[in-house]
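Asker: Data file query00.cif (mmCIF, C-alpha atoms) is appended below.
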data_coords
#
loop_
_atom_site.label_atom_id
_atom_site.label_comp_id
_atom_site.auth_asym_id
_atom_site.auth_seq_id
_atom_site.Cartn_x
_atom_site.Cartn_y
_atom_site.Cartn_z
CA MET A 223 103.29 111.37 111.85
CA ILE A 224 100.98 113.88 113.53
CA ARG A 225 99.08 111.02 115.11
CA GLY A 226 102.32 109.47 116.31
CA ALA A 227 103.41 112.74 117.91
CA LEU A 228 99.99 113.29 119.51
CA ASP A 229 100.16 109.85 121.11
CA SER A 230 103.71 110.47 122.30
CA ASN A 231 104.67 111.39 125.84
CA ALA A 232 107.85 113.07 124.57
CA TYR A 233 106.29 115.94 122.61
CA ASP A 234 103.54 118.39 123.58
CA LYS A 235 103.50 120.64 120.50
CA ILE A 236 103.71 119.99 116.79
CA TYR A 237 104.83 122.77 114.45
CA GLY A 238 104.71 122.71 110.67
CA ALA A 239 107.16 124.78 108.62
CA VAL A 240 105.40 126.47 105.70
CA HIS A 241 107.22 125.68 102.45
CA GLY A 242 109.71 123.32 104.06
CA ILE A 243 113.16 124.60 104.93
CA SER A 244 112.14 128.03 103.57
CA GLY A 245 109.63 128.24 106.41
CA VAL A 246 112.32 127.37 108.94
CA LEU A 247 114.65 130.04 107.56
CA GLY A 248 111.83 132.59 107.54
CA GLU A 249 110.39 131.42 110.91
CA ASN A 250 107.05 130.78 109.23
CA PHE A 251 105.37 128.06 111.29
CA ILE A 252 101.87 126.72 111.91
CA GLU A 253 100.99 124.96 115.15
CA LEU A 254 99.38 121.70 114.10
CA SER A 255 98.85 120.06 117.50
CA GLU A 256 96.08 122.44 118.54
CA ARG A 257 94.22 121.97 115.27
CA ALA A 258 94.58 118.20 115.49
CA ARG A 259 93.21 118.15 119.05
CA THR A 260 90.29 120.54 118.54
CA GLU A 261 89.29 120.36 114.87
CA GLU A 262 87.01 117.43 114.10
CA HIS A 263 88.27 115.06 111.38
CA PHE A 264 91.42 117.18 110.84
CA THR A 265 93.94 114.33 110.63
CA GLU A 266 91.59 112.09 108.64
CA ARG A 267 90.91 114.79 106.05
CA LEU A 268 94.55 115.80 105.98
CA SER A 269 95.61 112.24 105.18
CA LEU A 270 93.36 112.26 102.11
CA SER A 271 94.06 115.82 100.92
CA PRO A 272 96.18 116.21 97.77
CA ALA A 273 99.79 117.37 97.73
CA MET A 274 101.69 118.83 100.67
CA PHE A 275 99.50 120.66 103.19
CA LEU A 276 102.43 122.81 104.35
CA GLY A 277 103.71 123.55 100.87
CA SER A 278 107.03 122.66 99.31
CA CYS A 279 110.18 124.41 98.12
CA ARG A 280 113.11 124.06 95.74
CA VAL A 281 115.86 125.29 98.07
CA LYS A 282 119.19 123.48 97.84
CA MET A 283 120.93 123.79 101.19
CA PRO A 284 124.67 124.53 101.07
CA ASP A 285 127.23 122.32 102.75
CA PRO A 286 127.42 123.21 106.49
CA VAL A 287 131.18 123.71 106.15
CA ASP A 288 130.77 126.24 103.34
CA GLU A 289 128.00 128.36 104.84
CA PRO A 290 127.80 127.66 108.59
CA GLU A 291 125.89 130.89 109.30
CA ILE A 292 122.73 129.46 107.71
CA TYR A 293 122.83 126.49 110.06
CA ASP A 294 123.56 128.79 113.02
CA GLN A 295 120.33 130.60 112.17
CA ILE A 296 118.35 127.35 111.88
CA PHE A 297 119.58 125.91 115.16
CA ARG A 298 118.96 129.20 117.01
CA THR A 299 115.38 129.20 115.73
CA LEU A 300 114.75 125.56 116.64
CA GLU A 301 116.34 125.92 120.08
CA LYS A 302 114.24 129.03 120.74
CA MET A 303 111.12 126.99 119.96
CA ASN A 304 112.33 124.16 122.20
CA VAL A 305 112.21 121.67 119.32
CA GLY A 306 113.19 118.15 120.31
CA ALA A 307 112.75 116.38 116.96
CA PHE A 308 112.77 117.59 113.37
CA PHE A 309 111.00 115.56 110.67
CA TYR A 310 111.54 116.45 107.02
CA ILE A 311 109.14 114.90 104.52
CA GLY A 312 109.84 114.27 100.84
CA GLY A 313 112.03 112.56 98.26
CA ASN A 314 115.66 112.64 97.22
CA ASP A 315 116.22 116.38 97.54
CA SER A 316 114.48 116.47 100.92
CA MET A 317 116.70 113.64 102.15
CA ASP A 318 119.71 115.69 101.06
CA THR A 319 118.47 118.63 103.16
CA VAL A 320 117.80 116.64 106.31
CA THR A 321 121.11 114.76 105.93
CA LYS A 322 122.96 118.09 105.99
CA LEU A 323 120.95 119.24 109.01
CA SER A 324 121.66 116.02 110.86
CA ARG A 325 125.36 116.26 110.10
CA ALA A 326 125.46 119.90 111.17
CA ALA A 327 123.65 119.09 114.42
CA LYS A 328 126.52 116.86 115.49
CA SER A 329 129.06 119.63 114.83
CA TRP A 330 126.95 122.19 116.67
CA GLY A 331 126.37 119.85 119.61
CA SER A 332 122.60 120.13 119.17
CA HIS A 333 120.33 117.76 121.08
CA ILE A 334 117.69 117.89 118.32
CA ARG A 335 117.02 114.58 116.59
CA PHE A 336 116.59 114.61 112.80
CA ALA A 337 114.58 112.18 110.68
CA GLY A 338 113.80 112.02 107.00
CA VAL A 339 110.29 110.76 106.28
CA PRO A 340 109.79 109.41 102.73
CA LYS A 341 107.00 110.71 100.52
CA THR A 342 107.47 110.72 96.76
CA ILE A 343 105.44 109.32 93.90
CA ASP A 344 108.72 108.81 91.98
CA ASN A 345 109.46 105.75 94.15
CA ASP A 346 113.20 106.21 93.60
CA LEU A 347 114.58 106.33 97.15
CA MET A 348 117.24 103.75 97.90
CA LEU A 349 117.03 100.96 100.48
CA THR A 350 113.25 100.95 100.81
CA ASP A 351 110.87 98.65 98.96
CA HIS A 352 108.72 101.61 97.92
CA THR A 353 107.75 105.08 99.08
CA PRO A 354 104.47 106.56 100.34
CA GLY A 355 102.67 108.31 97.50
CA TYR A 356 103.73 105.83 94.85
CA GLY A 357 100.88 103.36 95.39
CA SER A 358 98.22 106.08 95.10
CA ALA A 359 99.81 107.59 91.99
CA ALA A 360 100.08 104.13 90.43
CA LYS A 361 96.41 103.52 91.21
CA PHE A 362 95.46 106.74 89.43
CA ILE A 363 97.66 105.98 86.42
CA ALA A 364 96.33 102.45 86.01
CA SER A 365 92.71 103.63 86.40
CA SER A 366 93.26 106.44 83.89
CA MET A 367 94.86 104.05 81.40
CA LEU A 368 91.88 101.72 81.63
CA GLU A 369 89.52 104.64 81.01
CA ILE A 370 91.68 105.83 78.10
CA ALA A 371 91.47 102.32 76.65
CA HIS A 372 87.67 102.48 76.74
CA ASP A 373 87.78 105.80 74.91
CA THR A 374 90.18 104.61 72.20
CA TYR A 375 88.04 101.57 71.47
CA ILE A 376 85.29 103.80 70.03
CA TYR A 377 87.32 104.28 66.84
CA ASP A 378 86.98 101.80 64.00
CA ILE A 379 90.04 103.21 62.24
CA PRO A 380 93.75 102.77 63.04
CA CYS A 381 94.73 105.17 65.82
CA VAL A 382 97.54 105.65 68.31
CA THR A 383 97.33 107.34 71.72
CA VAL A 384 100.58 108.29 73.46
CA VAL A 385 100.33 108.85 77.23
CA GLU A 386 103.21 110.74 78.85
CA ILE A 387 103.80 109.85 82.50
CA MET A 388 106.11 111.40 85.10
CA GLY A 389 109.52 109.82 85.58
CA ARG A 390 112.68 111.77 84.85
CA ASP A 391 115.20 109.08 85.77
CA ALA A 392 113.14 106.09 86.88
CA GLY A 393 110.19 104.36 85.25
CA TRP A 394 108.26 103.16 88.29
CA LEU A 395 105.20 105.29 87.55
CA THR A 396 105.06 104.46 83.85
CA ALA A 397 105.37 100.75 84.64
CA SER A 398 102.15 100.93 86.64
CA ALA A 399 100.22 101.65 83.43
CA ALA A 400 100.43 97.90 82.69
CA LEU A 401 98.04 97.23 85.59
CA ALA A 402 95.22 98.50 83.35
CA ARG A 403 95.34 95.25 81.38
CA ASN A 404 92.55 92.81 82.15
CA GLU A 405 90.51 90.04 80.53
CA TYR A 406 89.23 92.33 77.76
CA ASN A 407 91.87 95.08 77.57
CA ARG A 408 95.51 94.64 76.54
CA THR A 409 96.46 98.32 76.43
CA PRO A 410 98.89 99.88 76.79
CA GLN A 411 100.54 97.62 74.24
CA LEU A 412 103.85 99.49 74.47
CA ILE A 413 105.68 100.86 77.53
CA TYR A 414 108.95 102.80 77.40
CA LEU A 415 111.00 103.54 80.54
CA PRO A 416 114.15 105.68 81.06
CA GLU A 417 116.15 102.62 82.12
CA VAL A 418 116.38 101.37 78.50
CA PRO A 419 117.69 103.46 75.55
CA PHE A 420 114.92 104.64 73.24
CA HIS A 421 115.34 104.10 69.48
CA ARG A 422 113.01 106.02 67.20
CA THR A 423 113.20 103.53 64.33
CA GLN A 424 112.42 100.63 66.65
CA TYR A 425 109.56 102.63 68.16
CA ILE A 426 107.90 102.99 64.76
CA GLU A 427 108.39 99.28 64.07
CA ASP A 428 106.87 98.47 67.48
CA VAL A 429 103.83 100.59 66.65
CA ARG A 430 103.48 98.99 63.20
CA GLN A 431 103.51 95.52 64.71
CA ALA A 432 101.00 96.50 67.41
CA LEU A 433 98.64 97.93 64.76
CA LYS A 434 98.59 94.53 63.03
CA LYS A 435 96.94 93.09 66.15
CA SER A 436 94.69 96.01 67.06
CA LYS A 437 93.39 99.16 65.41
CA ASN A 438 93.72 100.98 68.73
CA VAL A 439 97.25 101.23 70.11
CA VAL A 440 98.10 102.96 73.39
CA VAL A 441 101.69 103.83 74.28
CA ALA A 442 102.81 104.65 77.85
CA VAL A 443 106.06 106.62 78.00
CA SER A 444 108.17 108.12 80.78
CA GLU A 445 108.94 111.81 80.39
CA GLY A 446 112.65 111.04 80.86
CA ILE A 447 113.31 108.50 78.10
CA ARG A 448 116.73 108.93 76.48
CA ASP A 449 118.47 107.80 73.32
CA GLU A 450 121.53 105.50 73.25
CA LYS A 451 123.79 108.52 73.97
CA GLY A 452 121.85 109.41 77.09
CA VAL A 453 120.22 112.49 75.53
CA TYR A 454 116.62 113.14 76.55
CA ILE A 455 114.20 112.62 73.68
CA SER A 456 112.55 115.89 74.73
CA ALA A 457 115.96 117.59 75.20
CA LYS A 458 115.08 120.60 73.08
CA GLU A 459 112.37 121.50 75.58
CA ALA A 460 114.30 120.71 78.78
CA VAL A 461 115.74 123.17 81.31
CA ALA A 462 117.54 122.44 84.59
CA ASP A 463 116.30 123.40 88.07
CA LYS A 464 118.44 124.49 91.04
CA PHE A 465 119.31 120.89 91.84
CA GLY A 466 120.53 120.28 88.29
CA HIS A 467 117.52 118.09 87.46
CA MET A 468 116.13 118.48 83.95
CA GLN A 469 112.55 119.78 83.95
CA LEU A 470 111.05 117.72 81.17
CA SER A 471 107.91 117.99 79.11
CA GLY A 472 106.87 117.31 75.59
CA VAL A 473 108.08 113.74 74.98
CA GLY A 474 104.49 112.63 74.35
CA LYS A 475 104.17 115.24 71.62
CA VAL A 476 107.51 114.14 70.15
CA LEU A 477 106.32 110.53 69.91
CA GLU A 478 102.98 111.69 68.53
CA ASN A 479 104.71 113.62 65.76
CA ILE A 480 106.94 110.65 64.87
CA VAL A 481 103.88 108.45 64.32
CA LYS A 482 102.10 111.20 62.40
CA ARG A 483 105.08 111.74 60.12
CA GLU A 484 105.89 108.06 59.52
CA LEU A 485 102.50 106.33 59.54
CA HIS A 486 100.03 109.06 58.55
CA ILE A 487 97.26 107.80 60.84
CA LYS A 488 95.14 109.31 63.59
CA VAL A 489 97.34 109.96 66.63
CA ARG A 490 97.13 112.07 69.78
CA SER A 491 99.17 112.54 72.92
CA ILE A 492 98.09 113.01 76.52
CA GLU A 493 100.21 114.32 79.40
CA LEU A 494 98.91 113.20 82.79
CA SER A 495 101.11 115.90 84.35
CA ILE A 496 100.30 116.86 87.96
CA LEU A 497 97.02 114.93 87.94
CA GLN A 498 98.90 111.73 88.79
CA ARG A 499 100.20 113.21 92.04
CA CYS A 500 97.16 115.17 93.24
CA ALA A 501 94.19 112.85 92.69
CA GLY A 502 93.22 112.63 96.35
CA HIS A 503 89.85 111.09 95.51
CA LEU A 504 91.60 107.96 94.19
CA THR A 505 93.97 107.11 97.03
CA SER A 506 95.26 103.63 97.76
CA ALA A 507 94.22 102.46 101.23
CA GLN A 508 97.39 100.38 101.50
CA ASP A 509 99.52 103.38 100.57
CA LEU A 510 97.82 105.52 103.19
CA ARG A 511 98.20 102.84 105.85
CA GLU A 512 101.92 102.46 105.21
CA SER A 513 102.55 106.21 105.17
CA MET A 514 100.98 106.53 108.62
CA GLU A 515 102.98 103.58 109.93
CA GLN A 516 106.24 105.09 108.72
CA GLY A 517 105.41 108.43 110.30
CA GLN A 518 104.60 106.76 113.60
CA LYS A 519 107.82 104.74 113.37
CA ALA A 520 109.82 107.92 112.83
CA VAL A 521 108.32 109.48 115.96
CA LYS A 522 108.96 106.37 118.03
CA LEU A 523 112.60 106.18 116.94
CA THR A 524 113.26 109.80 117.88
CA GLU A 525 111.73 109.08 121.29
CA GLU A 526 114.36 106.37 121.66
CA GLY A 527 117.12 108.86 120.84
CA CYS A 528 117.70 107.97 117.18
CA THR A 529 118.74 110.65 114.72
CA GLY A 530 119.98 110.86 111.12
CA PHE A 531 117.68 108.09 109.85
CA MET A 532 114.77 107.37 107.52
CA PRO A 533 112.07 104.73 108.16
CA VAL A 534 111.89 102.18 105.34
CA ILE A 535 109.60 99.40 104.16
CA ARG A 536 111.06 95.90 103.93
CA ARG A 537 108.92 93.49 101.92
CA ILE A 538 108.65 90.00 103.36
CA SER A 539 106.43 88.43 100.69
CA ASP A 540 104.29 89.28 97.65
CA GLU A 541 101.45 86.78 98.02
CA PRO A 542 100.24 87.30 100.63
CA TYR A 543 101.69 90.78 100.80
CA ARG A 544 103.59 91.23 104.06
CA TYR A 545 106.16 93.82 105.15
CA GLU A 546 107.87 95.40 108.14
CA ILE A 547 109.03 98.93 108.94
CA GLY A 548 112.74 99.36 109.59
CA GLN A 549 115.25 102.21 109.44
CA VAL A 550 118.43 103.16 107.55
CA GLU A 551 121.00 105.92 107.88
CA LEU A 552 120.19 109.02 105.85
CA ALA A 553 123.72 109.14 104.47
CA GLU A 554 123.02 105.85 102.65
CA ILE A 555 120.02 107.37 100.83
CA ALA A 556 120.66 111.03 100.03
CA ASN A 557 121.70 111.93 96.47
CA LYS A 558 121.16 108.39 95.19
CA ALA A 559 118.35 107.11 92.97
CA ARG A 560 116.83 103.65 92.55
CA SER A 561 115.96 102.52 89.05
CA VAL A 562 113.59 99.83 87.83
CA PRO A 563 115.62 96.57 87.65
CA ARG A 564 116.50 95.71 84.05
CA GLU A 565 115.14 92.20 84.55
CA TRP A 566 111.69 93.71 85.20
CA ILE A 567 111.70 95.16 81.67
CA ASN A 568 111.24 92.83 78.69
CA GLU A 569 114.17 92.08 76.37
CA ALA A 570 112.82 94.35 73.62
CA GLY A 571 112.66 97.27 76.05
CA ASN A 572 109.04 98.09 75.22
CA ASP A 573 107.12 96.46 78.08
CA VAL A 574 107.41 95.29 81.70
CA THR A 575 107.42 91.76 83.08
CA GLU A 576 105.09 89.92 85.42
CA ASP A 577 107.62 90.42 88.24
CA MET A 578 107.10 94.16 87.89
CA LEU A 579 103.32 93.77 88.12
CA ARG A 580 103.61 91.40 91.08
CA TYR A 581 105.61 94.12 92.84
CA ILE A 582 103.08 96.90 92.20
CA ARG A 583 99.72 95.13 92.65
CA PRO A 584 99.61 95.10 96.47
CA LEU A 585 100.50 98.80 96.63
CA ILE A 586 97.32 100.03 94.93
CA ALA A 587 94.97 97.83 96.97
CA GLY A 588 91.99 99.16 98.88
CA GLU A 589 89.79 102.24 98.74
CA THR A 590 89.67 105.09 101.23
CA GLY A 591 86.66 106.78 102.81
CA THR A 592 86.87 110.10 101.01
CA GLU A 593 84.27 112.55 102.33
CA TRP A 594 82.09 114.26 99.72
CA LYS A 595 80.02 117.45 99.80
CA ASP A 596 77.95 118.93 96.97
CA GLY A 597 79.42 116.34 94.64
CA LEU A 598 83.06 117.20 95.41
CA PRO A 599 85.65 115.70 97.76
CA VAL A 600 86.23 117.49 101.07
CA TYR A 601 89.87 118.38 101.77
CA VAL A 602 91.66 120.34 104.48
CA PRO A 603 91.95 124.00 103.37
CA ILE A 604 95.43 125.09 102.33
CA PRO A 605 96.68 127.29 105.21
CA HIS A 606 98.89 129.65 103.17
CA LEU A 607 96.54 130.04 100.19
CA ASN A 608 95.85 133.60 99.13
CA HIS A 609 92.10 133.78 98.61
CA ALA A 610 90.79 135.88 95.76
CA GLY A 611 89.37 139.24 96.84
CA GLU A 612 91.19 139.29 100.17
#
Take the structure in this file and express it as C-alpha cells.

Answerer:
Amino acid sequence: MIRGALDSNAYDKIYGAVHGISGVLGENFIELSERARTEEHFTERLSLSPAMFLGSCRVKMPDPVDEPEIYDQIFRTLEKMNVGAFFYIGGNDSMDTVTKLSRAAKSWGSHIRFAGVPKTIDNDLMLTDHTPGYGSAAKFIASSMLEIAHDTYIYDIPCVTVVEIMGRDAGWLTASAALARNEYNRTPQLIYLPEVPFHRTQYIEDVRQALKKSKNVVVAVSEGIRDEKGVYISAKEAVADKFGHMQLSGVGKVLENIVKRELHIKVRSIELSILQRCAGHLTSAQDLRESMEQGQKAVKLTEEGCTGFMPVIRRISDEPYRYEIGQVELAEIANKARSVPREWINEAGNDVTEDMLRYIRPLIAGETGTEWKDGLPVYVPIPHLNHAGE
C-alpha cells in the first residue's frame, strides 16, 4: 500500500497511526513517506517484518449515532492533516471500525475516502477467496508439522503429540497442517476443526485406531473446537475480550490429558501460539505478492473516488493458480465470518479433503529474499518500542 501511494499522483504524504484507531484518537502518527523515500530497503524490509509495524489495538468503536463526538474528533484531526484517503488494515474487527468511519463520513459530509485493507491469518473474511497473512501462516504451520513429525518418529514406543493451532471460530489454519503429508509422512493423522462438533469418546477411538497403524500419532486441533452443545472444549479457561470474542487457550492440554487418562501412553501437547503469525523468516512469496497487489488496488480505487470498500481476491482457477483483484462494499463484510465448507471436512469430522488441500497449496508457494545479519533475519525496527535502559 505504501508503494501504491508513493507511485500515486493523488497523495504526497503517507501517515501511519500508531496502534490503529487509538493513534488517530490520540493524534499519534508517524510519517512513512519520508522514510520510504530516503531509507534504503525500507519497504522491502517492512514487507518481510513480522506483525504490524504500526502496532494494533483492541478498541471497539461505538455506533456513530450513539457517540457522535468521537467521530467529530476523528474528522477534525484528519481534516487538519489534509487527509484524502484513510486505509485501515486488519481482519473482522478492523473492518467493523472502518465501516463505521465510512458511514459516519457520509453523515458528516467528509470528502475523505475510506478503505478496509484485509490482513488476517484467520482467513475468515467474507467475499474474498483468502486474506493476506494466511498463506504465510499456513506455510509455517505445515513446515512445523513436518518437523514435528520427524521428531516424533524417533520414538519406538506408542506416543501421541497434540498440536494446538489458532482458530477460534474457523479452522482454516488448522487445516493447513495436512500439507505436511508427503511420500514418507502421513502425520497429522487426525485434524479437528471448529466447524464440526467434537466428541471426546470418538476422539479416543480415533486415536486408538490411528495407533494401530503407527506408533507415532500427531493430532492437529483448532483452539476453538466445541462440543455438540456449542461449548468450547477449553471453556473453563476462556475469557471474553471487548469484542465479545472468547480468548482461548489450553485445548491442546485438555486433549493431552484425555489421552493420558484413557490410554496411559506417552503423550505431549504443543501450542504454536503467536509463532504461527510472526515467523517472518518463513513467508510465502505468493502471499506477499498478493498483499502488495491488494494494497495497490486500494490506493488506485480511492484515486478514482471509491470509498467504503475492501479489495478482494477472486480465484479463477486452481491449476494453474490464477486470480484477479476486485472490490466489495465494507457493509457486506463487517461482523461476518467465513467458515471452512463442511464438504472440505471428511465425513468423520477428523480430517480434511483433497479439495481443502487444493485450495491451500498455491497460497504457500515461493520463498522470499529475507535479509540476514549475524545469523538472524533483518527486520524494520519497531518505531514505538521502548528500549531497555532508555

Asker: Out of A:Val439, A:Ile334, A:Val574, A:Ile538, which residue has the shortest atom-to-atom distance to Met367 in chain A when counting only C-alpha atoms?

Answerer: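 Looking at the shortest contact to Met367 in chain A, the residue is A:Val439.
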
Asker: A:Ser366, A:Thr353, A:Ser491, A:Asn314: which is nearest Glu515 in chain A, counting all atoms listed in the file?

Answerer: A:Thr353

Asker: Give as a VMD selection string the residues that the PyMOL selection byres ((chain A and resi 452) around 10) matches when applied to the coordinates above.

Answerer: chain A and resid 416 418 to 420 447 to 451 453 to 455

Asker: Measure the distance from CA of Glu569 in chain A to CA of Arg583 in chain A in Å and round it to one decimal.

Answerer: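 About the pair CA of Glu569 in chain A and CA of Arg583 in chain A: they are 22.0 Å apart.
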
Asker: What's around Phe362 in chain A at 8 Å? Count all atoms listed in the file, leave out sequence neighbours fewer than 6 positions away in its own chain, and write the answer as an MDAnalysis selection string.

Answerer: chainID A and resid 498 501 504:505

Asker: If you measure from CA of Ile480 in chain A to CA of Leu494 in chain A, what distance in Å do you get, rounded to one decimal?

Answerer: 19.8 Å

Asker: I want to know what sits within 12 Å of Glu266 in chain A, based on all atoms listed in the file, with residues of the same chain fewer than 2 positions away left out; could you give that as a VMD selection string?

Answerer: chain A and resid 224 to 225 258 261 to 264 268 to 271 510 to 511 514 590 to 593 600 to 602

Asker: Which of these, A:Ser329, A:Ser244, A:Ser365, A:Asn568, has the shortest distance to Ile413 in chain A once you count only C-alpha atoms?

Answerer: A:Asn568

Asker: Pick the closest to Ala559 in chain A from A:Leu401, A:Val429, A:Ala520, A:Leu347: which is it, counting all atoms listed in the file?

Answerer: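 For Ala559 in chain A, the nearest of the candidates is A:Leu347.
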
Asker: I'd like the residues picked by the PyMOL selection byres ((chain A and resi 337-340) around 8) written out as a list in words, using the chain letters and numbers from the file.

Answerer: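 Selected by the PyMOL selection byres ((chain A and resi 337-340) around 8) here: Ala307, Phe308, Phe309, Tyr310, Ile311, Gly312, Gly313, Ser316, Met317, Val320, Thr321, Arg335, Phe336, Lys341, Thr342, Leu347, Thr353, Pro354, Gln516, Gly517, Ala520, Thr524, Thr529, Gly530, Phe531, Met532, Pro533, Val534 and Leu552 of chain A.
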
Asker: What does the structure give for the distance between CA of Ile370 in chain A and CA of His486 in chain A, in Å to one decimal?

Answerer: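 Result for CA of Ile370 in chain A versus CA of His486 in chain A: 21.5 Å, one decimal.
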